[in-house]
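K.L.:
I have a structure I would like to understand better, so I am pasting it below and will then ask my questions one at a time.
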Amino acid sequence: MPWTNASRQRLKKLFLEGFTVMDVAEPLASFDAEKPAEEVRAFMDDRCYDLVGIRRDGVVCGYARRDELGGKGPCGNYLHPFGPDDLVADTDPLQKAIESLSINNQCFVTVLDRVGAIISLSDLEKPPMRMYLFGMITILEMLMTRMIAECFPNGSWRGHLSGGRLEKAEELQRERMRRSQRVDLLDCLQISDKGQLALNIPWYREQLGGVGIASRKAALKGLKEIESLRNNLAHTQEIIPDGWQRIAIFTKRLDLLLEEL
């Protein structure tokens, strides 16, 4: 039961155009290759920069690491050329920056085909990235809710939940109704509960297998991690560095999953 093509296209538009790498990028400080390494190192120490760009003929053609700029001579002697995984375009979606950072913890941004900005892991704490991640989790939950409603009509999903989990949902529903909120019981389930229900749907399990989640155990573990990430996002807790690998894996898999649904 895939989403309609219109729904899928709206999702793609939201994530491809709503947030781009420039929403979290910072200008890249750069120096001519002839600049003395000692001066560049002092500049980086003063500003706590780990990387700077190196220019040749006015064009940034590589970068230098602060921890390597300890000797004499020009900073160009310490130049590292950009690798293919280091670069993303300024108009690329945030997912591209996440993928680049997941490879070697650095990401440089090109503007009009020239390197002019940088994204570090700490930049992923910025509001645009947190909004992006929270939105992806919300869409995943909406997707599971819709599948459960379609595959378990008339509330038949209740038989697949423990009495304790069902009681928790009923408590939340009563509280929302007390506040004059009309809400279905299914919407009162935790995301981990919805995930367990969705795993009873063969089509959904097949899609999970296609993005590298091959077992029920792996899927349940992933759901717990997603729930933890969402809680950290909702309560403005740090998500980097402890949750970095979880974020990289989750966003890649969800990106692939949305392509299939």
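Ligands are numbered from 1 in the order shown, residues from 1 within each chain, and chains are lettered A, B, ... in the order they appear in the structure tokens.
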Hey, what's within 12 Å of A:Leu124 if we count only C-alpha atoms and toss same-chain stuff fewer than 2 positions away? As a PyMOL selection string, please?
P.N.:
chain A and resi 21-26+94-95+97-98+101-102+105-107+118-122+126-133+233+238-241+243-244+247-248
K.L.:
Could you save those same residues with N, CA and C atoms as an mmCIF file, in the first residue's frame?
P.N.:
data_model
loop_
_atom_site.group_PDB
_atom_site.id
_atom_site.type_symbol
_atom_site.label_atom_id
_atom_site.label_comp_id
_atom_site.auth_asym_id
_atom_site.auth_seq_id
_atom_site.Cartn_x
_atom_site.Cartn_y
_atom_site.Cartn_z
ATOM 1 N N VAL A 21 22.077 22.551 2.307
ATOM 2 C CA VAL A 21 23.310 22.557 3.098
ATOM 3 C C VAL A 21 23.700 23.964 3.551
ATOM 4 N N MET A 22 23.318 24.990 2.794
ATOM 5 C CA MET A 22 23.692 26.351 3.175
ATOM 6 C C MET A 22 22.957 26.829 4.421
ATOM 7 N N ASP A 23 21.919 26.102 4.824
ATOM 8 C CA ASP A 23 21.208 26.465 6.049
ATOM 9 C C ASP A 23 22.048 26.204 7.293
ATOM 10 N N VAL A 24 23.079 25.372 7.178
ATOM 11 C CA VAL A 24 23.921 25.069 8.341
ATOM 12 C C VAL A 24 25.396 25.369 8.096
ATOM 13 N N ALA A 25 25.763 25.733 6.871
ATOM 14 C CA ALA A 25 27.176 25.946 6.524
ATOM 15 C C ALA A 25 27.713 27.258 7.102
ATOM 16 N N GLU A 26 29.036 27.303 7.244
ATOM 17 C CA GLU A 26 29.741 28.508 7.685
ATOM 18 C C GLU A 26 30.778 28.884 6.624
ATOM 19 N N LEU A 94 20.126 18.649 2.826
ATOM 20 C CA LEU A 94 20.920 18.371 4.018
ATOM 21 C C LEU A 94 21.410 16.934 4.073
ATOM 22 N N GLN A 95 20.655 16.022 3.482
ATOM 23 C CA GLN A 95 21.069 14.624 3.493
ATOM 24 C C GLN A 95 22.450 14.448 2.862
ATOM 25 N N ALA A 97 24.948 16.532 3.006
ATOM 26 C CA ALA A 97 25.952 16.929 3.999
ATOM 27 C C ALA A 97 26.145 15.836 5.039
ATOM 28 N N ILE A 98 25.052 15.208 5.448
ATOM 29 C CA ILE A 98 25.145 14.118 6.425
ATOM 30 C C ILE A 98 25.963 12.971 5.855
ATOM 31 N N LEU A 101 29.710 13.979 5.742
ATOM 32 C CA LEU A 101 30.304 13.978 7.078
ATOM 33 C C LEU A 101 30.476 12.571 7.628
ATOM 34 N N SER A 102 29.585 11.673 7.252
ATOM 35 C CA SER A 102 29.658 10.308 7.775
ATOM 36 C C SER A 102 30.866 9.554 7.232
ATOM 37 N N ASN A 105 34.069 12.932 8.429
ATOM 38 C CA ASN A 105 33.836 14.000 9.417
ATOM 39 C C ASN A 105 34.172 15.400 8.911
ATOM 40 N N GLN A 106 34.153 15.595 7.608
ATOM 41 C CA GLN A 106 34.352 16.939 7.060
ATOM 42 C C GLN A 106 33.529 17.084 5.792
ATOM 43 N N CYS A 107 33.087 18.309 5.546
ATOM 44 C CA CYS A 107 32.237 18.565 4.383
ATOM 45 C C CYS A 107 32.455 20.008 3.937
ATOM 46 N N ILE A 118 32.009 25.601 4.733
ATOM 47 C CA ILE A 118 32.351 24.345 5.395
ATOM 48 C C ILE A 118 31.239 23.960 6.366
ATOM 49 N N ILE A 119 31.057 22.660 6.547
ATOM 50 C CA ILE A 119 30.110 22.141 7.537
ATOM 51 C C ILE A 119 30.862 21.167 8.431
ATOM 52 N N SER A 120 30.775 21.375 9.726
ATOM 53 C CA SER A 120 31.390 20.468 10.693
ATOM 54 C C SER A 120 30.295 19.741 11.462
ATOM 55 N N LEU A 121 30.679 18.751 12.246
ATOM 56 C CA LEU A 121 29.695 18.010 13.029
ATOM 57 C C LEU A 121 28.919 18.928 13.968
ATOM 58 N N SER A 122 29.591 19.919 14.536
ATOM 59 C CA SER A 122 28.903 20.819 15.467
ATOM 60 C C SER A 122 27.807 21.625 14.782
ATOM 61 N N LYS A 126 22.495 22.863 14.750
ATOM 62 C CA LYS A 126 21.760 24.082 14.428
ATOM 63 C C LYS A 126 20.278 23.784 14.188
ATOM 64 N N PRO A 127 19.417 24.789 14.424
ATOM 65 C CA PRO A 127 17.972 24.582 14.280
ATOM 66 C C PRO A 127 17.524 23.970 12.952
ATOM 67 N N PRO A 128 18.053 24.389 11.785
ATOM 68 C CA PRO A 128 17.576 23.769 10.542
ATOM 69 C C PRO A 128 17.780 22.254 10.507
ATOM 70 N N MET A 129 18.933 21.784 10.996
ATOM 71 C CA MET A 129 19.178 20.345 11.000
ATOM 72 C C MET A 129 18.254 19.638 11.987
ATOM 73 N N ARG A 130 18.031 20.229 13.144
ATOM 74 C CA ARG A 130 17.147 19.621 14.137
ATOM 75 C C ARG A 130 15.719 19.568 13.611
ATOM 76 N N MET A 131 15.294 20.618 12.910
ATOM 77 C CA MET A 131 13.959 20.622 12.305
ATOM 78 C C MET A 131 13.855 19.549 11.228
ATOM 79 N N TYR A 132 14.902 19.410 10.444
ATOM 80 C CA TYR A 132 14.940 18.404 9.379
ATOM 81 C C TYR A 132 14.805 17.006 9.957
ATOM 82 N N LEU A 133 15.578 16.704 10.996
ATOM 83 C CA LEU A 133 15.539 15.379 11.610
ATOM 84 C C LEU A 133 14.187 15.110 12.260
ATOM 85 N N LEU A 233 15.762 15.694 20.485
ATOM 86 C CA LEU A 233 15.422 16.839 19.641
ATOM 87 C C LEU A 233 14.335 17.685 20.290
ATOM 88 N N GLU A 238 21.659 17.792 23.296
ATOM 89 C CA GLU A 238 22.657 17.610 22.249
ATOM 90 C C GLU A 238 22.444 16.279 21.539
ATOM 91 N N ILE A 239 22.609 16.294 20.234
ATOM 92 C CA ILE A 239 22.484 15.058 19.454
ATOM 93 C C ILE A 239 23.820 14.628 18.866
ATOM 94 N N ILE A 240 24.817 15.516 18.946
ATOM 95 C CA ILE A 240 26.166 15.241 18.455
ATOM 96 C C ILE A 240 27.116 15.379 19.650
ATOM 97 N N PRO A 241 28.116 14.511 19.855
ATOM 98 C CA PRO A 241 28.515 13.434 18.953
ATOM 99 C C PRO A 241 27.912 12.069 19.259
ATOM 100 N N GLY A 243 25.000 10.709 19.290
ATOM 101 C CA GLY A 243 24.016 10.120 18.395
ATOM 102 C C GLY A 243 24.367 10.238 16.927
ATOM 103 N N TRP A 244 25.612 10.621 16.615
ATOM 104 C CA TRP A 244 25.964 10.917 15.234
ATOM 105 C C TRP A 244 25.794 9.718 14.315
ATOM 106 N N ILE A 247 22.225 8.935 13.641
ATOM 107 C CA ILE A 247 21.612 9.894 12.725
ATOM 108 C C ILE A 247 21.986 9.585 11.283
ATOM 109 N N ALA A 248 23.257 9.325 11.033
ATOM 110 C CA ALA A 248 23.721 9.051 9.672
ATOM 111 C C ALA A 248 23.022 7.830 9.090
#
K.L.:
Any chance you could list, as a ChimeraX atom specification, the residues in stretch 14-239 of chain A that come up helix (DSSP H, G or I) when DSSP is run on the backbone?
P.N.:
/A:14-17,21-23,37-47,66-68,75-78,94-104,121-125,127-151,153-160,163-178,185-188,191-198,202-210,216-234
K.L.:
Name the residues in contact with stretch 56-66 of chain A at a cut-off of 10 Å, using only C-alpha atoms, excluding same-chain residues fewer than 4 positions from it; report them as a ChimeraX atom specification.
P.N.:
/A:28-34,37,40-45,48-52,70,75-83,108,114-116
K.L.:
What does the distance between atom CA of A:Leu143 and atom CA of A:Lys96 come to in Å, to one decimal place?
P.N.:
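Interatomic distance, atom CA of A:Leu143 to atom CA of A:Lys96: 23.1 Å.
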K.L.:
Identify which of the residues A:Gly222, A:Pro74, A:Gly18, A:Gly163 lies closest to A:Ile191, counting only C-alpha atoms when measuring atom-to-atom distances.
P.N.:
A:Gly222
K.L.:
Go through A:Ser100, A:Pro153, A:Ala89, A:Glu141 and flag the residue nearest A:Leu112, using only C-alpha atoms for the distances.
P.N.:
A:Ala89
K.L.:
Return the single residue from A:Ala219, A:Leu229, A:Met136, A:Met144 that is closest to A:Leu189, with distances computed using only C-alpha atoms.
P.N.:
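Nearest to A:Leu189: A:Met144.
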K.L.:
Pick the closest to A:Gly195 from A:Arg253, A:Arg55, A:Arg216, A:Arg10: which is it, counting only C-alpha atoms?
P.N.:
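Looking only at the distances to A:Gly195, the closest residue turns out to be A:Arg216.
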